[in-house]
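What follows is the content of structure-v6.cif, which has mmCIF, C-alpha atoms; chains and numbers go by the auth columns:
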data_my_file
#
loop_
_atom_site.group_PDB
_atom_site.id
_atom_site.type_symbol
_atom_site.label_atom_id
_atom_site.label_comp_id
_atom_site.label_asym_id
_atom_site.label_seq_id
_atom_site.Cartn_x
_atom_site.Cartn_y
_atom_site.Cartn_z
_atom_site.B_iso_or_equiv
_atom_site.auth_seq_id
_atom_site.auth_asym_id
ATOM 1 C CA MET A 1 20.277 6.352 8.119 0.00 1 A
ATOM 2 C CA ALA A 2 19.261 9.175 5.814 0.00 2 A
ATOM 3 C CA GLU A 3 21.322 12.327 6.063 0.00 3 A
ATOM 4 C CA ALA A 4 19.539 15.460 7.237 0.00 4 A
ATOM 5 C CA PHE A 5 18.815 18.167 4.716 0.00 5 A
ATOM 6 C CA PRO A 6 21.063 21.213 4.898 0.00 6 A
ATOM 7 C CA SER A 7 19.971 23.941 7.269 0.00 7 A
ATOM 8 C CA ALA A 8 19.324 27.516 6.297 0.00 8 A
ATOM 9 C CA SER A 9 22.945 28.411 7.109 0.00 9 A
ATOM 10 C CA SER A 10 24.409 25.646 4.946 0.00 10 A
ATOM 11 C CA SER A 11 26.132 26.476 1.691 0.00 11 A
ATOM 12 C CA VAL A 12 25.158 23.149 0.107 0.00 12 A
ATOM 13 C CA PRO A 13 22.232 23.591 -2.285 0.00 13 A
ATOM 14 C CA VAL A 14 19.162 21.821 -0.937 0.00 14 A
ATOM 15 C CA VAL A 15 18.056 20.492 -4.316 0.00 15 A
ATOM 16 C CA GLU A 16 21.500 18.969 -4.847 0.00 16 A
ATOM 17 C CA ALA A 17 21.229 17.261 -1.456 0.00 17 A
ATOM 18 C CA ALA A 18 17.775 15.984 -2.407 0.00 18 A
ATOM 19 C CA ALA A 19 19.137 14.597 -5.671 0.00 19 A
ATOM 20 C CA THR A 20 21.883 12.744 -3.783 0.00 20 A
ATOM 21 C CA ARG A 21 19.365 11.153 -1.455 0.00 21 A
ATOM 22 C CA LEU A 22 17.106 10.246 -4.347 0.00 22 A
ATOM 23 C CA ILE A 23 20.018 8.403 -5.975 0.00 23 A
ATOM 24 C CA LYS A 24 20.664 6.512 -2.721 0.00 24 A
ATOM 25 C CA ALA A 25 16.979 5.683 -2.412 0.00 25 A
ATOM 26 C CA GLU A 26 16.878 4.319 -5.952 0.00 26 A
ATOM 27 C CA SER A 27 19.916 2.159 -5.159 0.00 27 A
ATOM 28 C CA PHE A 28 18.217 0.675 -2.088 0.00 28 A
ATOM 29 C CA LYS A 29 15.071 0.046 -4.116 0.00 29 A
ATOM 30 C CA GLN A 30 17.024 -1.836 -6.793 0.00 30 A
ATOM 31 C CA MET A 31 18.655 -3.954 -4.078 0.00 31 A
ATOM 32 C CA GLY A 32 15.198 -4.720 -2.762 0.00 32 A
ATOM 33 C CA ASN A 33 14.002 -5.693 -6.227 0.00 33 A
ATOM 34 C CA GLU A 34 16.896 -8.113 -6.617 0.00 34 A
ATOM 35 C CA LEU A 35 16.196 -9.675 -3.232 0.00 35 A
ATOM 36 C CA TYR A 36 12.499 -9.952 -4.134 0.00 36 A
ATOM 37 C CA ARG A 37 13.371 -11.753 -7.378 0.00 37 A
ATOM 38 C CA ASN A 38 15.467 -14.157 -5.283 0.00 38 A
ATOM 39 C CA LYS A 39 12.473 -14.642 -2.942 0.00 39 A
ATOM 40 C CA ASP A 40 14.330 -13.170 0.028 0.00 40 A
ATOM 41 C CA TYR A 41 11.297 -11.139 1.011 0.00 41 A
ATOM 42 C CA LYS A 42 12.374 -10.262 4.552 0.00 42 A
ATOM 43 C CA LYS A 43 15.612 -8.628 3.409 0.00 43 A
ATOM 44 C CA ALA A 44 13.806 -6.973 0.515 0.00 44 A
ATOM 45 C CA VAL A 45 11.454 -5.306 3.012 0.00 45 A
ATOM 46 C CA GLY A 46 14.474 -3.854 4.788 0.00 46 A
ATOM 47 C CA LYS A 47 15.847 -2.349 1.578 0.00 47 A
ATOM 48 C CA TYR A 48 12.514 -0.806 0.619 0.00 48 A
ATOM 49 C CA HIS A 49 12.226 0.741 4.078 0.00 49 A
ATOM 50 C CA ARG A 50 15.716 2.195 3.730 0.00 50 A
ATOM 51 C CA ALA A 51 14.787 3.635 0.351 0.00 51 A
ATOM 52 C CA LEU A 52 11.722 5.307 1.849 0.00 52 A
ATOM 53 C CA LEU A 53 13.793 6.621 4.738 0.00 53 A
ATOM 54 C CA GLN A 54 16.032 8.426 2.249 0.00 54 A
ATOM 55 C CA VAL A 55 13.121 10.366 0.763 0.00 55 A
ATOM 56 C CA LYS A 56 10.721 10.639 3.703 0.00 56 A
ATOM 57 C CA ASP A 57 11.121 14.434 4.030 0.00 57 A
ATOM 58 C CA ILE A 58 12.416 15.235 0.573 0.00 58 A
ATOM 59 C CA ASP A 59 9.195 16.866 -0.634 0.00 59 A
ATOM 60 C CA ARG A 60 7.288 17.949 2.426 0.00 60 A
ATOM 61 C CA LYS A 61 4.787 20.766 2.144 0.00 61 A
ATOM 62 C CA GLY A 62 5.260 24.287 3.504 0.00 62 A
ATOM 63 C CA GLY A 63 7.019 24.411 6.846 0.00 63 A
ATOM 64 C CA SER A 64 9.322 21.418 6.272 0.00 64 A
ATOM 65 C CA GLN A 65 12.976 21.456 7.200 0.00 65 A
ATOM 66 C CA MET A 66 13.952 21.501 3.544 0.00 66 A
ATOM 67 C CA LEU A 67 11.614 24.414 2.807 0.00 67 A
ATOM 68 C CA GLN A 68 13.078 26.351 5.696 0.00 68 A
ATOM 69 C CA GLY A 69 16.539 25.751 4.254 0.00 69 A
ATOM 70 C CA ILE A 70 15.532 26.974 0.826 0.00 70 A
ATOM 71 C CA MET A 71 13.803 30.083 2.133 0.00 71 A
ATOM 72 C CA GLY A 72 16.744 30.834 4.416 0.00 72 A
ATOM 73 C CA MET A 73 19.121 30.766 1.453 0.00 73 A
ATOM 74 C CA MET A 74 16.798 33.091 -0.414 0.00 74 A
ATOM 75 C CA GLY A 75 16.606 35.438 2.560 0.00 75 A
ATOM 76 C CA GLY A 76 12.933 34.767 3.106 0.00 76 A
ATOM 77 C CA ASP A 77 10.704 33.046 5.613 0.00 77 A
ATOM 78 C CA SER A 78 9.215 29.589 5.145 0.00 78 A
ATOM 79 C CA GLY A 79 5.859 31.078 6.072 0.00 79 A
ATOM 80 C CA ASP A 80 5.937 33.085 2.827 0.00 80 A
ATOM 81 C CA VAL A 81 5.296 29.892 0.824 0.00 81 A
ATOM 82 C CA PRO A 82 1.681 28.694 0.874 0.00 82 A
ATOM 83 C CA LYS A 83 1.075 25.224 2.247 0.00 83 A
ATOM 84 C CA GLY A 84 0.634 22.600 -0.438 0.00 84 A
ATOM 85 C CA GLU A 85 3.123 24.251 -2.792 0.00 85 A
ATOM 86 C CA ARG A 86 5.917 21.912 -3.867 0.00 86 A
ATOM 87 C CA VAL A 87 9.452 22.817 -2.896 0.00 87 A
ATOM 88 C CA LEU A 88 11.302 20.681 -5.467 0.00 88 A
ATOM 89 C CA PRO A 89 11.553 21.017 -9.226 0.00 89 A
ATOM 90 C CA GLU A 90 8.553 19.300 -10.802 0.00 90 A
ATOM 91 C CA GLY A 91 10.624 16.553 -12.415 0.00 91 A
ATOM 92 C CA MET A 92 12.392 15.649 -9.185 0.00 92 A
ATOM 93 C CA ALA A 93 9.165 15.735 -7.174 0.00 93 A
ATOM 94 C CA ALA A 94 7.614 13.317 -9.680 0.00 94 A
ATOM 95 C CA LYS A 95 10.590 10.952 -9.296 0.00 95 A
ATOM 96 C CA VAL A 96 10.233 11.026 -5.526 0.00 96 A
ATOM 97 C CA ALA A 97 6.520 10.208 -5.763 0.00 97 A
ATOM 98 C CA GLU A 98 7.183 7.426 -8.272 0.00 98 A
ATOM 99 C CA LEU A 99 9.857 5.872 -6.062 0.00 99 A
ATOM 100 C CA GLU A 100 7.612 6.028 -2.987 0.00 100 A
ATOM 101 C CA MET A 101 4.717 4.382 -4.845 0.00 101 A
ATOM 102 C CA SER A 102 7.006 1.650 -6.161 0.00 102 A
ATOM 103 C CA CYS A 103 8.432 0.918 -2.708 0.00 103 A
ATOM 104 C CA TYR A 104 5.013 0.820 -1.024 0.00 104 A
ATOM 105 C CA ASN A 105 3.666 -1.441 -3.757 0.00 105 A
ATOM 106 C CA ASN A 106 6.658 -3.752 -3.428 0.00 106 A
ATOM 107 C CA LEU A 107 6.351 -3.791 0.364 0.00 107 A
ATOM 108 C CA ALA A 108 2.742 -4.954 -0.021 0.00 108 A
ATOM 109 C CA ALA A 109 3.905 -7.699 -2.382 0.00 109 A
ATOM 110 C CA CYS A 110 6.582 -8.826 0.084 0.00 110 A
ATOM 111 C CA LEU A 111 4.153 -8.963 3.006 0.00 111 A
ATOM 112 C CA LEU A 112 1.734 -11.103 1.001 0.00 112 A
ATOM 113 C CA HIS A 113 4.509 -13.728 0.873 0.00 113 A
ATOM 114 C CA ASP A 114 4.939 -13.660 4.650 0.00 114 A
ATOM 115 C CA PRO A 115 3.863 -16.876 6.449 0.00 115 A
ATOM 116 C CA ASN A 116 1.671 -14.720 8.689 0.00 116 A
ATOM 117 C CA PRO A 117 0.805 -11.655 6.606 0.00 117 A
ATOM 118 C CA ASN A 118 -0.133 -8.384 8.249 0.00 118 A
ATOM 119 C CA TYR A 119 -3.133 -7.695 6.031 0.00 119 A
ATOM 120 C CA GLU A 120 -3.937 -4.387 7.694 0.00 120 A
ATOM 121 C CA ARG A 121 -0.438 -3.116 6.894 0.00 121 A
ATOM 122 C CA ILE A 122 -0.748 -4.373 3.312 0.00 122 A
ATOM 123 C CA VAL A 123 -3.950 -2.366 2.881 0.00 123 A
ATOM 124 C CA GLU A 124 -2.180 0.706 4.272 0.00 124 A
ATOM 125 C CA TYR A 125 0.698 0.327 1.826 0.00 125 A
ATOM 126 C CA CYS A 126 -1.677 -0.108 -1.097 0.00 126 A
ATOM 127 C CA ASP A 127 -3.705 2.911 0.001 0.00 127 A
ATOM 128 C CA SER A 128 -0.487 4.954 -0.021 0.00 128 A
ATOM 129 C CA VAL A 129 -0.011 3.991 -3.669 0.00 129 A
ATOM 130 C CA LEU A 130 -3.639 4.557 -4.637 0.00 130 A
ATOM 131 C CA GLU A 131 -3.642 7.976 -3.011 0.00 131 A
ATOM 132 C CA HIS A 132 -1.427 9.094 -5.888 0.00 132 A
ATOM 133 C CA ASP A 133 -2.493 6.635 -8.597 0.00 133 A
ATOM 134 C CA ARG A 134 -6.092 5.434 -8.356 0.00 134 A
ATOM 135 C CA GLN A 135 -5.606 3.174 -11.366 0.00 135 A
ATOM 136 C CA ASN A 136 -2.592 1.220 -10.159 0.00 136 A
ATOM 137 C CA SER A 137 -3.748 -2.307 -10.934 0.00 137 A
ATOM 138 C CA LYS A 138 -1.128 -4.048 -8.780 0.00 138 A
ATOM 139 C CA ALA A 139 -2.030 -2.011 -5.706 0.00 139 A
ATOM 140 C CA LEU A 140 -5.740 -2.593 -6.336 0.00 140 A
ATOM 141 C CA TYR A 141 -5.147 -6.348 -6.667 0.00 141 A
ATOM 142 C CA ARG A 142 -2.985 -6.612 -3.548 0.00 142 A
ATOM 143 C CA ARG A 143 -5.438 -4.496 -1.592 0.00 143 A
ATOM 144 C CA GLY A 144 -8.257 -6.780 -2.734 0.00 144 A
ATOM 145 C CA VAL A 145 -6.338 -9.890 -1.676 0.00 145 A
ATOM 146 C CA ALA A 146 -5.622 -8.433 1.758 0.00 146 A
ATOM 147 C CA LEU A 147 -9.246 -7.384 2.245 0.00 147 A
ATOM 148 C CA TYR A 148 -10.432 -10.848 1.191 0.00 148 A
ATOM 149 C CA HIS A 149 -8.295 -12.425 3.901 0.00 149 A
ATOM 150 C CA ARG A 150 -9.684 -9.894 6.387 0.00 150 A
ATOM 151 C CA ARG A 151 -13.159 -11.123 5.327 0.00 151 A
ATOM 152 C CA ASP A 152 -14.130 -7.689 4.071 0.00 152 A
ATOM 153 C CA TYR A 153 -15.562 -9.187 0.907 0.00 153 A
ATOM 154 C CA SER A 154 -17.500 -6.184 -0.386 0.00 154 A
ATOM 155 C CA GLN A 155 -14.454 -3.896 -0.243 0.00 155 A
ATOM 156 C CA ALA A 156 -12.274 -6.676 -1.638 0.00 156 A
ATOM 157 C CA LYS A 157 -14.592 -7.098 -4.624 0.00 157 A
ATOM 158 C CA GLU A 158 -14.613 -3.357 -5.225 0.00 158 A
ATOM 159 C CA SER A 159 -10.805 -3.265 -5.447 0.00 159 A
ATOM 160 C CA LEU A 160 -10.580 -6.460 -7.488 0.00 160 A
ATOM 161 C CA ASN A 161 -13.251 -5.338 -9.958 0.00 161 A
ATOM 162 C CA GLN A 162 -11.311 -2.131 -10.565 0.00 162 A
ATOM 163 C CA ALA A 163 -8.089 -4.128 -10.959 0.00 163 A
ATOM 164 C CA VAL A 164 -9.535 -6.599 -13.449 0.00 164 A
ATOM 165 C CA LYS A 165 -10.712 -3.771 -15.705 0.00 165 A
ATOM 166 C CA LEU A 166 -7.131 -2.499 -15.858 0.00 166 A
ATOM 167 C CA SER A 167 -5.407 -5.869 -16.210 0.00 167 A
ATOM 168 C CA ASP A 168 -7.121 -7.539 -19.159 0.00 168 A
ATOM 169 C CA LYS A 169 -8.854 -10.179 -17.018 0.00 169 A
ATOM 170 C CA ASP A 170 -5.754 -11.310 -15.122 0.00 170 A
ATOM 171 C CA PRO A 171 -6.405 -14.920 -13.927 0.00 171 A
ATOM 172 C CA ASP A 172 -5.174 -14.236 -10.387 0.00 172 A
ATOM 173 C CA ILE A 173 -7.596 -11.347 -10.015 0.00 173 A
ATOM 174 C CA LEU A 174 -10.450 -13.424 -11.422 0.00 174 A
ATOM 175 C CA ARG A 175 -9.610 -16.233 -8.985 0.00 175 A
ATOM 176 C CA TYR A 176 -9.907 -13.916 -6.001 0.00 176 A
ATOM 177 C CA LEU A 177 -13.159 -12.502 -7.335 0.00 177 A
ATOM 178 C CA ARG A 178 -14.512 -16.072 -7.441 0.00 178 A
ATOM 179 C CA LEU A 179 -13.228 -16.691 -3.919 0.00 179 A
ATOM 180 C CA CYS A 180 -15.054 -13.568 -2.738 0.00 180 A
ATOM 181 C CA ASP A 181 -18.289 -14.724 -4.357 0.00 181 A
ATOM 182 C CA GLN A 182 -17.922 -18.180 -2.807 0.00 182 A
ATOM 183 C CA ALA A 183 -17.212 -16.704 0.620 0.00 183 A
ATOM 184 C CA VAL A 184 -20.266 -14.426 0.415 0.00 184 A
ATOM 185 C CA LEU A 185 -22.507 -17.350 -0.603 0.00 185 A
ATOM 186 C CA LYS A 186 -21.140 -19.497 2.222 0.00 186 A
ATOM 187 C CA HIS A 187 -21.753 -16.703 4.706 0.00 187 A
ATOM 188 C CA GLN A 188 -25.329 -16.316 3.457 0.00 188 A
ATOM 189 C CA ARG A 189 -25.934 -20.089 3.716 0.00 189 A
ATOM 190 C CA ASP A 190 -24.460 -20.238 7.223 0.00 190 A
ATOM 191 C CA GLU A 191 -26.540 -17.260 8.292 0.00 191 A
ATOM 192 C CA LYS A 192 -29.701 -18.817 6.862 0.00 192 A
ATOM 193 C CA GLN A 193 -29.041 -22.119 8.627 0.00 193 A
ATOM 194 C CA MET A 194 -28.395 -20.289 11.890 0.00 194 A
ATOM 195 C CA PHE A 195 -31.712 -18.437 11.724 0.00 195 A
ATOM 196 C CA GLN A 196 -33.549 -21.615 10.715 0.00 196 A
ATOM 197 C CA GLY A 197 -32.082 -23.318 13.772 0.00 197 A
ATOM 198 C CA VAL A 198 -33.201 -20.458 16.025 0.00 198 A
ATOM 199 C CA PHE A 199 -36.747 -20.498 14.618 0.00 199 A
ATOM 200 C CA ARG A 200 -36.913 -24.305 14.908 0.00 200 A
ATOM 201 C CA LYS A 201 -35.866 -24.154 18.538 0.00 201 A
ATOM 202 C CA MET A 202 -38.422 -21.441 19.270 0.00 202 A
ATOM 203 C CA ALA A 203 -41.144 -23.513 17.603 0.00 203 A
ATOM 204 C CA GLU A 204 -40.196 -26.584 19.651 0.00 204 A
ATOM 205 C CA GLU A 205 -40.279 -24.566 22.857 0.00 205 A
ATOM 206 C CA ASP A 206 -43.742 -23.217 21.987 0.00 206 A
ATOM 207 C CA ALA A 207 -44.967 -26.762 21.268 0.00 207 A
ATOM 208 C CA ASP A 208 -43.645 -28.017 24.600 0.00 208 A
ATOM 209 C CA GLY A 209 -45.448 -25.186 26.374 0.00 209 A
#

Could you write out this structure as structure tokens?
Amino acid sequence: MAEAFPSASSSVPVVEAAATRLIKAESFKQMGNELYRNKDYKKAVGKYHRALLQVKDIDRKGGSQMLQGIMGMMGGDSGDVPKGERVLPEGMAAKVAELEMSCYNNLAACLLHDPNPNYERIVEYCDSVLEHDRQNSKALYRRGVALYHRRDYSQAKESLNQAVKLSDKDPDILRYLRLCDQAVLKHQRDEKQMFQGVFRKMAEEDADG
């Protein structure tokens, strides 16, 4: 479990505490990466979740526990800091964001290997990455794959087309684009046959009358 950030009365510098948790988070992430390479996806998911737990409130906006601690040490009030203003040094905040994006991306990859993937959760993880990096080709690809399996072919193609532009025509991305096209054509054929059957039946009923 992640340790709580120091309170306003603590003498431990908040940024130092954040740095310690960031180090722990990076360690959990590396463990997850090793498990992923060994195809132990279930355990890898656990490590990535533990990494995210370490940093979940490390860079909250105004009003967070950490911000209250910082302002208390400075003799101020957390309400003095406008919402949306970062409370960590820029370099550390960037590392936190990078680690979170990496973990969410890797979680999506792990879930795609699950025998019964939770495609909705995969899309959510990828969206968390793309919220900060709209040109993350891996997140776009994994999102496209998940949307394809959810039969949301138009959204899947949108993600995959963006991914292929960033990945020098990756064969896996191209394969899923073809699968989307094939699925759309099949749906159109099935729909056409269904309507033809309805019209044929109506014509037969009119003839019998």

Discussion item. Given all atoms listed in the file as the basis, pick out the residue of A:Asn105, A:Asn116, A:Ala146, A:Leu99 nearest to Ile58 (chain A).
Written reply: A:Leu99

Item to complete: Using only C-alpha atoms, determine which residues lie at most 12 Å from Val96 (chain A), disregarding the query and same-chain residues fewer than 6 positions distant; provide the list as a list in words.
Response: Ala18, Ala19, Thr20, Arg21, Leu22, Ile23, Lys24, Ala25, Glu26, Ala51, Leu52, Leu53, Gln54, Val55, Lys56, Asp57, Ile58, Asp59, Arg60, Arg86, Leu88, Pro89, Glu90, Ser102, Cys103 and His132 of chain A

Practice prompt. Find the residues near Pro171 (chain A): any atom within 12 Å, counting only C-alpha atoms, skip ones fewer than 6 places away on the same chain, and give them as a ChimeraX atom specification.
Written response: /A:141,160,163-164,177-178

Worksheet item: What is the CA of Arg37 (chain A)-CA of Leu107 (chain A) distance in Å, reported with one decimal?
Response: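 Separation between CA of Arg37 (chain A) and CA of Leu107 (chain A): 13.1 Å.
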
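Atom to atom, CA of Lys138 (chain A) and CA of Val184 (chain A) stand 23.6 Å apart.
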
Practice prompt. To one decimal in Å, tell me the separation between CA of Asp40 (chain A) and CA of Gly144 (chain A).
Written response: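 Separation of CA of Asp40 (chain A) and CA of Gly144 (chain A): 23.6 Å.
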
Given the file shown, determine the residues that the PyMOL selection byres ((chain A and resi 108) around 7) selects; report them as a PDB file with C-alpha atoms, in the coordinates of the input.
ATOM      1  CA  TYR A 104       5.013   0.820  -1.024  1.00  0.00           C
ATOM      2  CA  ASN A 105       3.666  -1.441  -3.757  1.00  0.00           C
ATOM      3  CA  ASN A 106       6.658  -3.752  -3.428  1.00  0.00           C
ATOM      4  CA  LEU A 107       6.351  -3.791   0.364  1.00  0.00           C
ATOM      5  CA  ALA A 109       3.905  -7.699  -2.382  1.00  0.00           C
ATOM      6  CA  CYS A 110       6.582  -8.826   0.084  1.00  0.00           C
ATOM      7  CA  LEU A 111       4.153  -8.963   3.006  1.00  0.00           C
ATOM      8  CA  LEU A 112       1.734 -11.103   1.001  1.00  0.00           C
ATOM      9  CA  ILE A 122      -0.748  -4.373   3.312  1.00  0.00           C
ATOM     10  CA  TYR A 125       0.698   0.327   1.826  1.00  0.00           C
ATOM     11  CA  CYS A 126      -1.677  -0.108  -1.097  1.00  0.00           C
ATOM     12  CA  ARG A 142      -2.985  -6.612  -3.548  1.00  0.00           C
TER      13      ARG A 142
END

Discussion item. Evaluated on this file, the PyMOL selection byres ((chain A and resi 154) around 12) picks out some residues - which ones are they, written as a PyMOL selection string?
Written reply: chain A and resi 144-145+147-153+155-161+177+179-181+183-184

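If you measure from each of A:Ala44, A:Met92, A:Leu174, A:Leu166 to Ala139 (chain A) using all atoms listed in the file, the closest one turns out to be A:Leu166.
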
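Closest to Tyr119 (chain A) among A:Glu131, A:Arg143, A:Val14, A:Glu34 is A:Arg143, based on only C-alpha atoms.
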
Worksheet item: Which of these residues is nearest to Gln30 (chain A), using only C-alpha atoms: A:Ser128, A:Arg50, A:Asn136, A:Tyr176?
Response: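 Under the stated criterion, the closest residue is A:Arg50.
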